[in-house]
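Chemist: Got final02.pdb for you, PDB, C-alpha atoms, pLDDT in the B column:
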```
ATOM      1  CA  MET E 271     118.853 224.133 168.205  1.00 70.00           C
ATOM      2  CA  LYS E 272     117.199 227.570 167.977  1.00 74.00           C
ATOM      3  CA  LYS E 273     115.691 226.705 164.585  1.00 78.00           C
ATOM      4  CA  THR E 274     114.211 223.477 165.978  1.00 83.00           C
ATOM      5  CA  ALA E 275     112.681 225.298 168.975  1.00 71.00           C
ATOM      6  CA  LEU E 276     111.319 228.018 166.700  1.00 72.00           C
ATOM      7  CA  CYS E 277     109.842 225.435 164.286  1.00 71.00           C
ATOM      8  CA  LEU E 278     108.198 223.567 167.183  1.00 71.00           C
ATOM      9  CA  ALA E 279     106.762 226.821 168.569  1.00 67.00           C
ATOM     10  CA  VAL E 280     105.366 227.779 165.150  1.00 67.00           C
ATOM     11  CA  LEU E 281     103.888 224.284 164.670  1.00 67.00           C
ATOM     12  CA  LEU E 282     102.283 224.397 168.121  1.00 63.00           C
ATOM     13  CA  LEU E 283     100.866 227.863 167.463  1.00 61.00           C
ATOM     14  CA  LEU E 284      99.556 226.734 164.073  1.00 59.00           C
ATOM     15  CA  ALA E 285      97.960 223.618 165.598  1.00 57.00           C
ATOM     16  CA  LEU E 286      96.200 225.721 168.231  1.00 54.00           C
ATOM     17  CA  ALA E 287      95.070 228.312 165.666  1.00 57.00           C
ATOM     18  CA  LEU E 288      93.545 225.712 163.353  1.00 57.00           C
ATOM     19  CA  SER E 289      91.801 223.708 166.021  1.00 56.00           C
ATOM     20  CA  SER E 290      89.599 224.581 168.919  1.00 56.00           C
ATOM     21  CA  CYS E 291      88.452 223.181 172.166  1.00 57.00           C
ATOM     22  CA  SER E 292      85.247 224.243 173.823  1.00 56.00           C
ATOM     23  CA  VAL E 293      82.838 223.009 176.439  1.00 59.00           C
ATOM     24  CA  ASN E 294      79.212 223.726 177.293  1.00 64.00           C
ATOM     25  CA  ILE E 295      78.880 224.348 181.013  1.00 69.00           C
ATOM     26  CA  PRO E 296      75.431 223.889 182.606  1.00 73.00           C
ATOM     27  CA  THR E 297      74.268 227.164 184.139  1.00 77.00           C
ATOM     28  CA  ASP E 298      71.220 228.879 185.545  1.00 80.00           C
ATOM     29  CA  TYR E 299      69.915 231.899 183.678  1.00 80.00           C
ATOM     30  CA  GLU E 300      70.858 235.188 185.309  1.00 83.00           C
ATOM     31  CA  PHE E 301      69.027 238.310 184.209  1.00 83.00           C
ATOM     32  CA  GLU E 302      71.646 240.897 183.337  1.00 81.00           C
ATOM     33  CA  TYR E 303      69.757 243.746 185.057  1.00 81.00           C
ATOM     34  CA  GLY E 304      67.584 241.748 187.429  1.00 84.00           C
ATOM     35  CA  THR E 305      63.808 241.571 187.236  1.00 88.00           C
ATOM     36  CA  GLU E 306      62.988 244.925 188.835  1.00 89.00           C
ATOM     37  CA  GLY E 307      62.104 247.892 186.646  1.00 89.00           C
ATOM     38  CA  ILE E 308      60.871 245.894 183.644  1.00 93.00           C
ATOM     39  CA  THR E 309      58.419 248.066 181.721  1.00 95.00           C
ATOM     40  CA  SER E 310      57.457 245.581 178.997  1.00 95.00           C
ATOM     41  CA  ILE E 311      58.199 242.110 177.676  1.00 96.00           C
ATOM     42  CA  GLU E 312      57.952 241.418 173.947  1.00 95.00           C
ATOM     43  CA  ILE E 313      58.322 238.227 171.928  1.00 95.00           C
ATOM     44  CA  TYR E 314      59.796 238.360 168.432  1.00 94.00           C
ATOM     45  CA  TYR E 315      60.302 235.672 165.806  1.00 93.00           C
ATOM     46  CA  PHE E 316      63.205 235.677 163.342  1.00 89.00           C
ATOM     47  CA  PRO E 317      63.423 232.617 161.054  1.00 87.00           C
ATOM     48  CA  GLU E 318      66.510 234.004 159.307  1.00 84.00           C
ATOM     49  CA  GLY E 319      68.117 235.618 162.332  1.00 77.00           C
ATOM     50  CA  VAL E 320      69.048 239.263 162.944  1.00 81.00           C
ATOM     51  CA  MET E 321      72.012 240.891 164.638  1.00 78.00           C
ATOM     52  CA  ASP E 322      69.869 243.314 166.635  1.00 80.00           C
ATOM     53  CA  ILE E 323      66.181 244.063 167.102  1.00 82.00           C
ATOM     54  CA  ASP E 324      65.173 247.452 165.703  1.00 81.00           C
ATOM     55  CA  PRO E 325      61.712 248.419 167.049  1.00 80.00           C
ATOM     56  CA  GLU E 326      61.227 250.726 164.045  1.00 84.00           C
ATOM     57  CA  ILE E 327      61.590 247.787 161.638  1.00 88.00           C
ATOM     58  CA  HIS E 328      60.699 244.659 163.625  1.00 90.00           C
ATOM     59  CA  THR E 329      57.253 243.981 165.044  1.00 92.00           C
ATOM     60  CA  PRO E 330      56.769 241.697 168.043  1.00 94.00           C
ATOM     61  CA  VAL E 331      54.524 238.676 167.618  1.00 93.00           C
ATOM     62  CA  ALA E 332      53.312 239.268 171.191  1.00 94.00           C
ATOM     63  CA  VAL E 333      53.517 241.949 173.864  1.00 94.00           C
ATOM     64  CA  LEU E 334      52.835 240.373 177.229  1.00 96.00           C
ATOM     65  CA  GLU E 335      50.395 241.739 179.753  1.00 95.00           C
ATOM     66  CA  GLU E 336      51.966 242.880 183.004  1.00 94.00           C
ATOM     67  CA  SER E 337      50.199 240.003 184.760  1.00 94.00           C
ATOM     68  CA  GLN E 338      52.253 237.556 182.624  1.00 95.00           C
ATOM     69  CA  HIS E 339      55.669 239.058 183.442  1.00 96.00           C
ATOM     70  CA  ALA E 340      56.334 237.042 186.609  1.00 95.00           C
ATOM     71  CA  ASP E 341      55.306 233.789 184.902  1.00 96.00           C
ATOM     72  CA  ILE E 342      57.600 234.123 181.885  1.00 95.00           C
ATOM     73  CA  LEU E 343      60.506 235.330 184.038  1.00 95.00           C
ATOM     74  CA  GLN E 344      60.085 232.270 186.242  1.00 95.00           C
ATOM     75  CA  ASP E 345      59.857 229.994 183.185  1.00 94.00           C
ATOM     76  CA  ILE E 346      63.114 231.451 181.827  1.00 92.00           C
ATOM     77  CA  GLU E 347      64.840 230.983 185.193  1.00 90.00           C
ATOM     78  CA  GLU E 348      63.720 227.338 185.247  1.00 90.00           C
ATOM     79  CA  MET E 349      65.051 226.563 181.743  1.00 87.00           C
ATOM     80  CA  ARG E 350      68.215 224.484 181.601  1.00 86.00           C
ATOM     81  CA  PHE E 351      70.890 226.556 179.855  1.00 83.00           C
ATOM     82  CA  THR E 352      74.486 225.819 178.983  1.00 77.00           C
ATOM     83  CA  ARG E 353      77.179 228.450 178.607  1.00 73.00           C
ATOM     84  CA  PHE E 354      79.625 228.135 175.708  1.00 61.00           C
ATOM     85  CA  GLN E 355      83.198 228.376 176.957  1.00 58.00           C
ATOM     86  CA  MET E 356      86.232 228.289 174.670  1.00 57.00           C
ATOM     87  CA  LEU E 357      89.264 226.605 176.173  1.00 53.00           C
ATOM     88  CA  VAL E 358      91.412 227.086 173.080  1.00 56.00           C
ATOM     89  CA  PRO E 359      90.456 229.989 170.782  1.00 56.00           C
ATOM     90  CA  ILE E 360      89.004 229.222 167.394  1.00 56.00           C
ATOM     91  CA  PRO E 361      89.933 231.140 164.250  1.00 55.00           C
ATOM     92  CA  THR E 362      86.360 232.382 163.705  1.00 53.00           C
ATOM     93  CA  ASP E 363      83.686 233.833 165.926  1.00 55.00           C
ATOM     94  CA  PRO E 364      80.525 231.877 166.694  1.00 56.00           C
ATOM     95  CA  PRO E 365      77.314 233.493 165.399  1.00 59.00           C
ATOM     96  CA  TYR E 366      75.921 236.373 167.439  1.00 66.00           C
ATOM     97  CA  ASP E 367      72.587 236.556 165.623  1.00 75.00           C
ATOM     98  CA  LEU E 368      69.210 236.272 167.309  1.00 80.00           C
ATOM     99  CA  ARG E 369      67.320 233.417 165.678  1.00 82.00           C
ATOM    100  CA  GLY E 370      63.908 231.888 166.288  1.00 88.00           C
ATOM    101  CA  TYR E 371      61.874 233.179 169.206  1.00 92.00           C
ATOM    102  CA  VAL E 372      63.446 236.040 171.137  1.00 91.00           C
ATOM    103  CA  VAL E 373      62.173 237.488 174.412  1.00 93.00           C
ATOM    104  CA  ARG E 374      62.990 241.173 174.896  1.00 92.00           C
ATOM    105  CA  LEU E 375      62.890 242.661 178.373  1.00 92.00           C
ATOM    106  CA  ASN E 376      62.624 246.471 178.313  1.00 92.00           C
ATOM    107  CA  TYR E 377      63.718 248.356 181.432  1.00 89.00           C
ATOM    108  CA  GLU E 378      62.809 251.802 182.788  1.00 86.00           C
ATOM    109  CA  LEU E 379      66.060 253.516 181.782  1.00 79.00           C
ATOM    110  CA  GLY E 380      65.929 252.269 178.179  1.00 82.00           C
ATOM    111  CA  ASP E 381      68.117 249.264 178.922  1.00 84.00           C
ATOM    112  CA  TYR E 382      67.088 245.982 177.356  1.00 86.00           C
ATOM    113  CA  GLU E 383      67.934 242.320 177.406  1.00 87.00           C
ATOM    114  CA  ASP E 384      67.279 239.933 174.500  1.00 88.00           C
ATOM    115  CA  ILE E 385      67.055 236.246 175.312  1.00 88.00           C
ATOM    116  CA  SER E 386      66.996 233.541 172.659  1.00 86.00           C
ATOM    117  CA  ASN E 387      67.932 229.919 172.301  1.00 82.00           C
ATOM    118  CA  GLY E 388      71.630 230.534 171.761  1.00 75.00           C
ATOM    119  CA  VAL E 389      72.480 234.159 172.546  1.00 71.00           C
ATOM    120  CA  GLN E 390      71.774 236.665 175.295  1.00 72.00           C
ATOM    121  CA  LYS E 391      72.318 240.304 174.306  1.00 75.00           C
ATOM    122  CA  PHE E 392      71.990 243.338 176.501  1.00 70.00           C
ATOM    123  CA  ARG E 393      72.426 247.089 176.400  1.00 75.00           C
ATOM    124  CA  GLN E 394      72.471 249.633 179.177  1.00 68.00           C
ATOM    125  CA  PHE E 395      73.013 253.384 179.431  1.00 63.00           C
ATOM    126  CA  ARG E 396      75.573 254.136 182.120  1.00 63.00           C
ATOM    127  CA  ASP E 397      78.049 256.958 182.649  1.00 64.00           C
ATOM    128  CA  GLY E 398      76.744 258.875 179.625  1.00 66.00           C
ATOM    129  CA  GLU E 399      77.178 256.094 177.069  1.00 70.00           C
ATOM    130  CA  TRP E 400      75.536 252.897 175.831  1.00 70.00           C
ATOM    131  CA  LYS E 401      77.270 249.674 176.827  1.00 73.00           C
ATOM    132  CA  HIS E 402      76.577 246.471 174.908  1.00 72.00           C
ATOM    133  CA  GLY E 403      77.315 242.853 175.684  1.00 74.00           C
ATOM    134  CA  SER E 404      76.588 239.291 174.577  1.00 73.00           C
ATOM    135  CA  LYS E 405      76.779 235.819 176.063  1.00 76.00           C
ATOM    136  CA  PHE E 406      76.429 232.467 174.369  1.00 75.00           C
ATOM    137  CA  LEU E 407      73.727 230.575 176.230  1.00 77.00           C
ATOM    138  CA  ASP E 408      72.006 227.566 174.778  1.00 78.00           C
ATOM    139  CA  CYS E 409      68.990 225.536 175.808  1.00 83.00           C
ATOM    140  CA  ASP E 410      66.889 222.805 174.275  1.00 86.00           C
ATOM    141  CA  GLU E 411      65.172 224.378 171.257  1.00 88.00           C
ATOM    142  CA  GLU E 412      62.004 222.321 171.645  1.00 92.00           C
ATOM    143  CA  ALA E 413      61.689 223.209 175.347  1.00 91.00           C
ATOM    144  CA  TRP E 414      62.305 226.898 174.521  1.00 91.00           C
ATOM    145  CA  ASN E 415      59.621 226.881 171.797  1.00 92.00           C
ATOM    146  CA  ASP E 416      57.155 225.052 174.069  1.00 93.00           C
ATOM    147  CA  MET E 417      57.701 227.665 176.780  1.00 93.00           C
ATOM    148  CA  ILE E 418      57.218 230.539 174.306  1.00 94.00           C
ATOM    149  CA  GLN E 419      54.072 228.920 172.875  1.00 93.00           C
ATOM    150  CA  LYS E 420      52.324 229.474 176.231  1.00 92.00           C
ATOM    151  CA  TYR E 421      52.641 233.236 175.782  1.00 93.00           C
ATOM    152  CA  LEU E 422      51.623 233.602 172.141  1.00 91.00           C
ATOM    153  CA  PRO E 423      48.146 235.082 171.676  1.00 80.00           C
ATOM    154  CA  VAL E 424      46.772 232.206 169.583  1.00 69.00           C
ATOM    155  CA  GLU E 425      47.695 228.549 169.796  1.00 55.00           C
ATOM    156  CA  LYS E 426      49.154 227.724 166.406  1.00 51.00           C
ATOM    157  CA  PRO E 427      51.932 225.539 165.033  1.00 51.00           C
ATOM    158  CA  LEU E 428      55.395 227.031 165.247  1.00 54.00           C
ATOM    159  CA  PRO E 429      56.796 228.209 161.911  1.00 56.00           C
ATOM    160  CA  ALA E 430      59.305 225.804 160.422  1.00 54.00           C
ATOM    161  CA  PHE E 431      62.898 226.970 160.208  1.00 50.00           C
ATOM    162  CA  GLN E 432      64.308 227.358 156.719  1.00 48.00           C
ATOM    163  CA  GLU E 433      67.928 226.205 156.592  1.00 46.00           C
TER     164      GLU E 433
END
```
Translate the structure described by the file into C-alpha coordinates.
Modeler:
Amino acid sequence: MKKTALCLAVLLLLALALSSCSVNIPTDYEFEYGTEGITSIEIYYFPEGVMDIDPEIHTPVAVLEESQHADILQDIEEMRFTRFQMLVPIPTDPPYDLRGYVVRLNYELGDYEDISNGVQKFRQFRDGEWKHGSKFLDCDEEAWNDMIQKYLPVEKPLPAFQE
(Lines of atoms letter the chains of each structure in order from A and count residues from 1; the text may use other names and numbers.)
(Lines give C-alpha, C1' and ligand atoms only; values in the text may rest on other atoms or scores of the structure.)
Protein backbone atom coordinates (compact mmCIF):
# COMPACT_ATOMS: atom_id res chain seq x y z
CA MET A 1 0.00 0.00 0.00
CA LYS A 2 2.84 2.40 0.86
CA LYS A 3 4.56 1.70 -2.47
CA THR A 4 1.34 2.46 -4.37
CA ALA A 5 0.84 5.75 -2.50
CA LEU A 6 4.47 6.69 -3.05
CA CYS A 7 4.25 5.84 -6.78
CA LEU A 8 1.07 7.92 -7.14
CA ALA A 9 2.70 10.86 -5.32
CA VAL A 10 5.78 10.67 -7.56
CA LEU A 11 3.60 10.44 -10.70
CA LEU A 12 1.53 13.44 -9.58
CA LEU A 13 4.66 15.45 -8.81
CA LEU A 14 6.16 14.49 -12.18
CA ALA A 15 2.94 15.45 -14.01
CA LEU A 16 2.91 18.86 -12.32
CA ALA A 17 6.63 19.42 -12.98
CA LEU A 18 6.33 18.66 -16.69
CA SER A 19 3.20 20.66 -17.31
CA SER A 20 2.11 24.13 -16.43
CA CYS A 21 -0.99 26.14 -16.02
CA SER A 22 -1.04 29.89 -16.33
CA VAL A 23 -3.51 32.67 -16.93
CA ASN A 24 -3.26 36.25 -18.15
CA ILE A 25 -5.22 38.52 -15.84
CA PRO A 26 -6.36 41.91 -17.20
CA THR A 27 -4.83 44.71 -15.13
CA ASP A 28 -4.25 48.43 -15.12
CA TYR A 29 -0.66 49.62 -15.23
CA GLU A 30 0.65 50.77 -11.87
CA PHE A 31 3.85 52.78 -11.79
CA GLU A 32 6.16 51.13 -9.29
CA TYR A 33 7.29 54.46 -7.77
CA GLY A 34 4.40 56.67 -8.81
CA THR A 35 4.69 59.57 -11.23
CA GLU A 36 6.20 62.14 -8.87
CA GLY A 37 9.93 62.82 -8.96
CA ILE A 38 10.51 61.69 -12.55
CA THR A 39 13.60 63.49 -13.86
CA SER A 40 13.61 62.11 -17.41
CA ILE A 41 11.84 59.69 -19.72
CA GLU A 42 13.80 57.86 -22.41
CA ILE A 43 12.72 55.50 -25.18
CA TYR A 44 15.02 52.68 -26.26
CA TYR A 45 14.70 50.09 -29.01
CA PHE A 46 16.11 46.56 -28.74
CA PRO A 47 15.32 44.24 -31.68
CA GLU A 48 17.27 41.38 -30.09
CA GLY A 49 16.36 42.09 -26.48
CA VAL A 50 18.60 42.88 -23.51
CA MET A 51 18.47 41.85 -19.87
CA ASP A 52 19.13 45.37 -18.59
CA ILE A 53 19.66 48.83 -20.04
CA ASP A 54 23.20 50.13 -19.51
CA PRO A 55 23.30 53.90 -20.20
CA GLU A 56 27.04 53.64 -20.90
CA ILE A 57 26.41 51.19 -23.76
CA HIS A 58 22.83 51.79 -24.91
CA THR A 59 21.65 55.03 -26.50
CA PRO A 60 18.00 56.08 -26.35
CA VAL A 61 16.20 56.66 -29.63
CA ALA A 62 14.37 59.55 -27.94
CA VAL A 63 14.59 61.59 -24.75
CA LEU A 64 11.25 63.22 -24.10
CA GLU A 65 10.79 66.87 -23.29
CA GLU A 66 9.37 67.55 -19.85
CA SER A 67 6.20 68.84 -21.51
CA GLN A 68 5.62 65.31 -22.94
CA HIS A 69 5.94 63.46 -19.61
CA ALA A 70 2.29 63.76 -18.54
CA ASP A 71 1.07 62.66 -21.99
CA ILE A 72 3.14 59.47 -22.20
CA LEU A 73 2.39 58.57 -18.57
CA GLN A 74 -1.32 58.92 -19.29
CA ASP A 75 -0.98 56.86 -22.48
CA ILE A 76 0.75 54.07 -20.53
CA GLU A 77 -1.95 54.14 -17.85
CA GLU A 78 -4.62 53.82 -20.55
CA MET A 79 -2.99 50.80 -22.24
CA ARG A 80 -4.69 47.46 -21.66
CA PHE A 81 -2.20 45.17 -19.92
CA THR A 82 -2.45 41.60 -18.74
CA ARG A 83 -0.44 40.14 -15.88
CA PHE A 84 1.05 36.66 -16.31
CA GLN A 85 0.13 34.46 -13.36
CA MET A 86 1.34 30.88 -12.96
CA LEU A 87 -1.14 28.58 -11.28
CA VAL A 88 1.10 25.52 -11.54
CA PRO A 89 4.86 26.18 -11.76
CA ILE A 90 6.63 25.46 -15.01
CA PRO A 91 10.07 23.86 -15.18
CA THR A 92 11.63 26.91 -16.88
CA ASP A 93 11.45 30.63 -16.33
CA PRO A 94 9.73 32.88 -18.85
CA PRO A 95 12.04 35.41 -20.55
CA TYR A 96 12.95 38.50 -18.54
CA ASP A 97 14.54 40.38 -21.44
CA LEU A 98 13.48 43.82 -22.60
CA ARG A 99 12.57 43.59 -26.27
CA GLY A 100 11.28 46.12 -28.79
CA TYR A 101 10.48 49.60 -27.56
CA VAL A 102 11.22 50.24 -23.89
CA VAL A 103 10.23 53.33 -21.92
CA ARG A 104 12.60 54.16 -19.06
CA LEU A 105 11.43 56.42 -16.26
CA ASN A 106 14.33 57.91 -14.28
CA TYR A 107 13.60 59.17 -10.76
CA GLU A 108 15.34 61.73 -8.55
CA LEU A 109 17.04 59.21 -6.25
CA GLY A 110 18.50 57.16 -9.12
CA ASP A 111 15.59 54.72 -9.12
CA TYR A 112 14.26 53.68 -12.50
CA GLU A 113 11.42 51.77 -14.07
CA ASP A 114 11.61 50.09 -17.49
CA ILE A 115 8.34 49.40 -19.25
CA SER A 116 8.07 47.25 -22.36
CA ASN A 117 5.53 45.08 -24.09
CA GLY A 118 6.06 42.04 -21.89
CA VAL A 119 8.19 42.97 -18.87
CA GLN A 120 8.30 45.72 -16.27
CA LYS A 121 11.63 46.05 -14.44
CA PHE A 122 12.47 48.40 -11.64
CA ARG A 123 15.30 49.28 -9.30
CA GLN A 124 15.37 51.45 -6.22
CA PHE A 125 17.96 52.42 -3.62
CA ARG A 126 16.55 51.90 -0.14
CA ASP A 127 18.11 51.11 3.22
CA GLY A 128 21.64 51.37 1.81
CA GLU A 129 21.22 48.84 -1.00
CA TRP A 130 19.78 48.48 -4.50
CA LYS A 131 16.58 46.46 -4.75
CA HIS A 132 15.51 45.00 -8.09
CA GLY A 133 12.24 43.54 -9.27
CA SER A 134 10.36 42.38 -12.37
CA LYS A 135 6.77 41.76 -13.38
CA PHE A 136 5.42 40.08 -16.48
CA LEU A 137 2.98 42.51 -18.06
CA ASP A 138 1.82 42.18 -21.62
CA CYS A 139 -0.14 44.41 -23.95
CA ASP A 140 -1.01 44.44 -27.62
CA GLU A 141 2.29 44.92 -29.47
CA GLU A 142 0.75 46.96 -32.27
CA ALA A 143 -1.01 49.30 -29.81
CA TRP A 144 2.24 49.66 -27.82
CA ASN A 145 4.23 50.52 -30.97
CA ASP A 146 1.56 52.97 -32.14
CA MET A 147 1.68 54.73 -28.77
CA ILE A 148 5.49 54.91 -28.84
CA GLN A 149 5.47 56.21 -32.43
CA LYS A 150 3.80 59.43 -31.19
CA TYR A 151 6.89 60.24 -29.12
CA LEU A 152 9.64 59.44 -31.61
CA PRO A 153 11.32 62.53 -33.07
CA VAL A 154 10.66 61.65 -36.72
CA GLU A 155 7.72 59.76 -38.14
CA LYS A 156 9.23 56.67 -39.72
CA PRO A 157 8.29 53.02 -40.13
CA LEU A 158 9.00 50.84 -37.13
CA PRO A 159 11.97 48.50 -37.57
CA ALA A 160 10.97 44.94 -38.33
CA PHE A 161 11.70 42.33 -35.69
CA GLN A 162 14.19 39.65 -36.66
CA GLU A 163 13.13 36.27 -35.28
Chemist: Give me, please, the distance in Å between atom CA of Arg369 of chain E and atom CA of Asp416 of chain E, quoted to one decimal.
Modeler: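 We find that atom CA of Arg369 of chain E and atom CA of Asp416 of chain E lie 15.6 Å from each other.
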Chemist: To one decimal place in Å, what is the distance between atom CA of Gly388 of chain E and atom CA of Glu412 of chain E?
Modeler: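 So the answer is 12.7 Å.
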Chemist: Using all atoms listed in the file, can you tell me which of E:Asp367, E:Glu347, E:Glu300, E:Arg374 comes closest to Thr329 of chain E?
Modeler: E:Arg374
Chemist: For Ser386 of chain E, find every residue with an atom within 9 Å (counting all atoms listed in the file), except residues of its own chain fewer than 4 positions away, and show them as a PyMOL selection string.
Modeler: chain E and resi 368-374+390-391+407-409+414
Chemist: Could the residues of segment 312-332 of chain E that have an atom at most 12 Å from segment 337-342 of chain E be listed as a tab-separated table, each with its closest atom pair and the distance in Å to one decimal, counting only C-alpha atoms and ordered by chain and ascending residue number?
Modeler:
```
residue	atom	partner	partner_atom	distance
E:Glu312	CA	E:His339	CA	10.0
E:Ile313	CA	E:Ile342	CA	10.8
E:Ala332	CA	E:Gln338	CA	11.6
```
Chemist: Could you please determine the separation between atom CA of Ala413 of chain E and atom CA of Pro296 of chain E in Å, to one decimal place?
Modeler: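 Going from atom CA of Ala413 of chain E over to atom CA of Pro296 of chain E, I get 15.6 Å.
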Chemist: Of the candidates E:Asn387, E:Gly380, E:Leu375, E:Val333, which one gets nearest to Asn415 of chain E if we count all atoms listed in the file?
Modeler: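 The answer is E:Asn387, which sits nearest to Asn415 of chain E.
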Chemist: Compare E:Lys405, E:Arg353, E:Lys273, E:His328 by their minimum atom-to-atom distance to Thr297 of chain E, counting all atoms listed in the file, and give me the closest one.
Modeler: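 Looking at the shortest contact to Thr297 of chain E, the residue is E:Arg353.
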Chemist: Counting only C-alpha atoms, figure out which residue out of E:Thr274, E:Thr352, E:Ser404, E:Gln419 gets nearest to Asp384 of chain E.
Modeler: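 Selected residue with least distance to Asp384 of chain E: E:Ser404.
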Chemist: For Asp381 of chain E, please output as an NGL selection string all residues within 12 Å (counting all atoms listed in the file; exclusion window: fewer than 6 positions along the same chain).
Modeler: :E and (302-304 or 306-310 or 374-375 or 391-396 or 399-403)
Chemist: Could you complete segment 323-341 of chain E so that it carries N, CA, C and O atoms, and give it back as an mmCIF file, in the coordinates of the input?
Modeler:
```
data_model
loop_
_atom_site.group_PDB
_atom_site.id
_atom_site.type_symbol
_atom_site.label_atom_id
_atom_site.label_comp_id
_atom_site.auth_asym_id
_atom_site.auth_seq_id
_atom_site.Cartn_x
_atom_site.Cartn_y
_atom_site.Cartn_z
ATOM 1 N N ILE E 323 67.589 243.740 167.305
ATOM 2 C CA ILE E 323 66.181 244.063 167.102
ATOM 3 C C ILE E 323 66.058 245.577 166.984
ATOM 4 O O ILE E 323 66.523 246.312 167.853
ATOM 5 N N ASP E 324 65.438 246.028 165.908
ATOM 6 C CA ASP E 324 65.173 247.452 165.703
ATOM 7 C C ASP E 324 63.664 247.642 165.796
ATOM 8 O O ASP E 324 62.929 247.234 164.890
ATOM 9 N N PRO E 325 63.159 248.258 166.884
ATOM 10 C CA PRO E 325 61.712 248.419 167.049
ATOM 11 C C PRO E 325 61.044 249.201 165.922
ATOM 12 O O PRO E 325 59.844 249.093 165.726
ATOM 13 N N GLU E 326 61.806 249.984 165.164
ATOM 14 C CA GLU E 326 61.227 250.726 164.045
ATOM 15 C C GLU E 326 61.002 249.825 162.835
ATOM 16 O O GLU E 326 60.191 250.130 161.972
ATOM 17 N N ILE E 327 61.708 248.719 162.768
ATOM 18 C CA ILE E 327 61.590 247.787 161.638
ATOM 19 C C ILE E 327 60.870 246.498 162.033
ATOM 20 O O ILE E 327 60.018 246.004 161.314
ATOM 21 N N HIS E 328 61.221 245.955 163.194
ATOM 22 C CA HIS E 328 60.699 244.659 163.625
ATOM 23 C C HIS E 328 59.470 244.830 164.504
ATOM 24 O O HIS E 328 59.429 245.695 165.372
ATOM 25 N N THR E 329 58.500 243.964 164.279
ATOM 26 C CA THR E 329 57.253 243.981 165.044
ATOM 27 C C THR E 329 57.180 242.735 165.915
ATOM 28 O O THR E 329 57.384 241.622 165.416
ATOM 29 N N PRO E 330 56.882 242.890 167.204
ATOM 30 C CA PRO E 330 56.769 241.697 168.043
ATOM 31 C C PRO E 330 55.547 240.858 167.666
ATOM 32 O O PRO E 330 54.532 241.402 167.227
ATOM 33 N N VAL E 331 55.677 239.553 167.848
ATOM 34 C CA VAL E 331 54.524 238.676 167.618
ATOM 35 C C VAL E 331 53.607 238.694 168.828
ATOM 36 O O VAL E 331 52.438 238.332 168.725
ATOM 37 N N ALA E 332 54.131 239.144 169.981
ATOM 38 C CA ALA E 332 53.312 239.268 171.191
ATOM 39 C C ALA E 332 53.943 240.289 172.129
ATOM 40 O O ALA E 332 55.164 240.375 172.230
ATOM 41 N N VAL E 333 53.101 241.070 172.774
ATOM 42 C CA VAL E 333 53.517 241.949 173.864
ATOM 43 C C VAL E 333 52.751 241.452 175.081
ATOM 44 O O VAL E 333 51.516 241.439 175.082
ATOM 45 N N LEU E 334 53.476 241.012 176.091
ATOM 46 C CA LEU E 334 52.835 240.373 177.229
ATOM 47 C C LEU E 334 52.173 241.384 178.154
ATOM 48 O O LEU E 334 52.644 242.511 178.321
ATOM 49 N N GLU E 335 51.071 240.948 178.730
ATOM 50 C CA GLU E 335 50.395 241.739 179.753
ATOM 51 C C GLU E 335 51.274 241.749 181.001
ATOM 52 O O GLU E 335 52.032 240.812 181.250
ATOM 53 N N GLU E 336 51.159 242.787 181.786
ATOM 54 C CA GLU E 336 51.966 242.880 183.004
ATOM 55 C C GLU E 336 51.726 241.686 183.930
ATOM 56 O O GLU E 336 52.634 241.237 184.625
ATOM 57 N N SER E 337 50.517 241.158 183.913
ATOM 58 C CA SER E 337 50.199 240.003 184.760
ATOM 59 C C SER E 337 50.954 238.743 184.333
ATOM 60 O O SER E 337 51.061 237.796 185.112
ATOM 61 N N GLN E 338 51.506 238.711 183.112
ATOM 62 C CA GLN E 338 52.253 237.556 182.624
ATOM 63 C C GLN E 338 53.755 237.665 182.879
ATOM 64 O O GLN E 338 54.478 236.684 182.709
ATOM 65 N N HIS E 339 54.230 238.836 183.287
ATOM 66 C CA HIS E 339 55.669 239.058 183.442
ATOM 67 C C HIS E 339 56.302 238.070 184.413
ATOM 68 O O HIS E 339 57.320 237.456 184.097
ATOM 69 N N ALA E 340 55.738 237.922 185.599
ATOM 70 C CA ALA E 340 56.334 237.042 186.609
ATOM 71 C C ALA E 340 56.383 235.602 186.116
ATOM 72 O O ALA E 340 57.370 234.896 186.370
ATOM 73 N N ASP E 341 55.347 235.171 185.385
ATOM 74 C CA ASP E 341 55.306 233.789 184.902
ATOM 75 C C ASP E 341 56.410 233.501 183.886
ATOM 76 O O ASP E 341 57.108 232.502 183.986
#
```
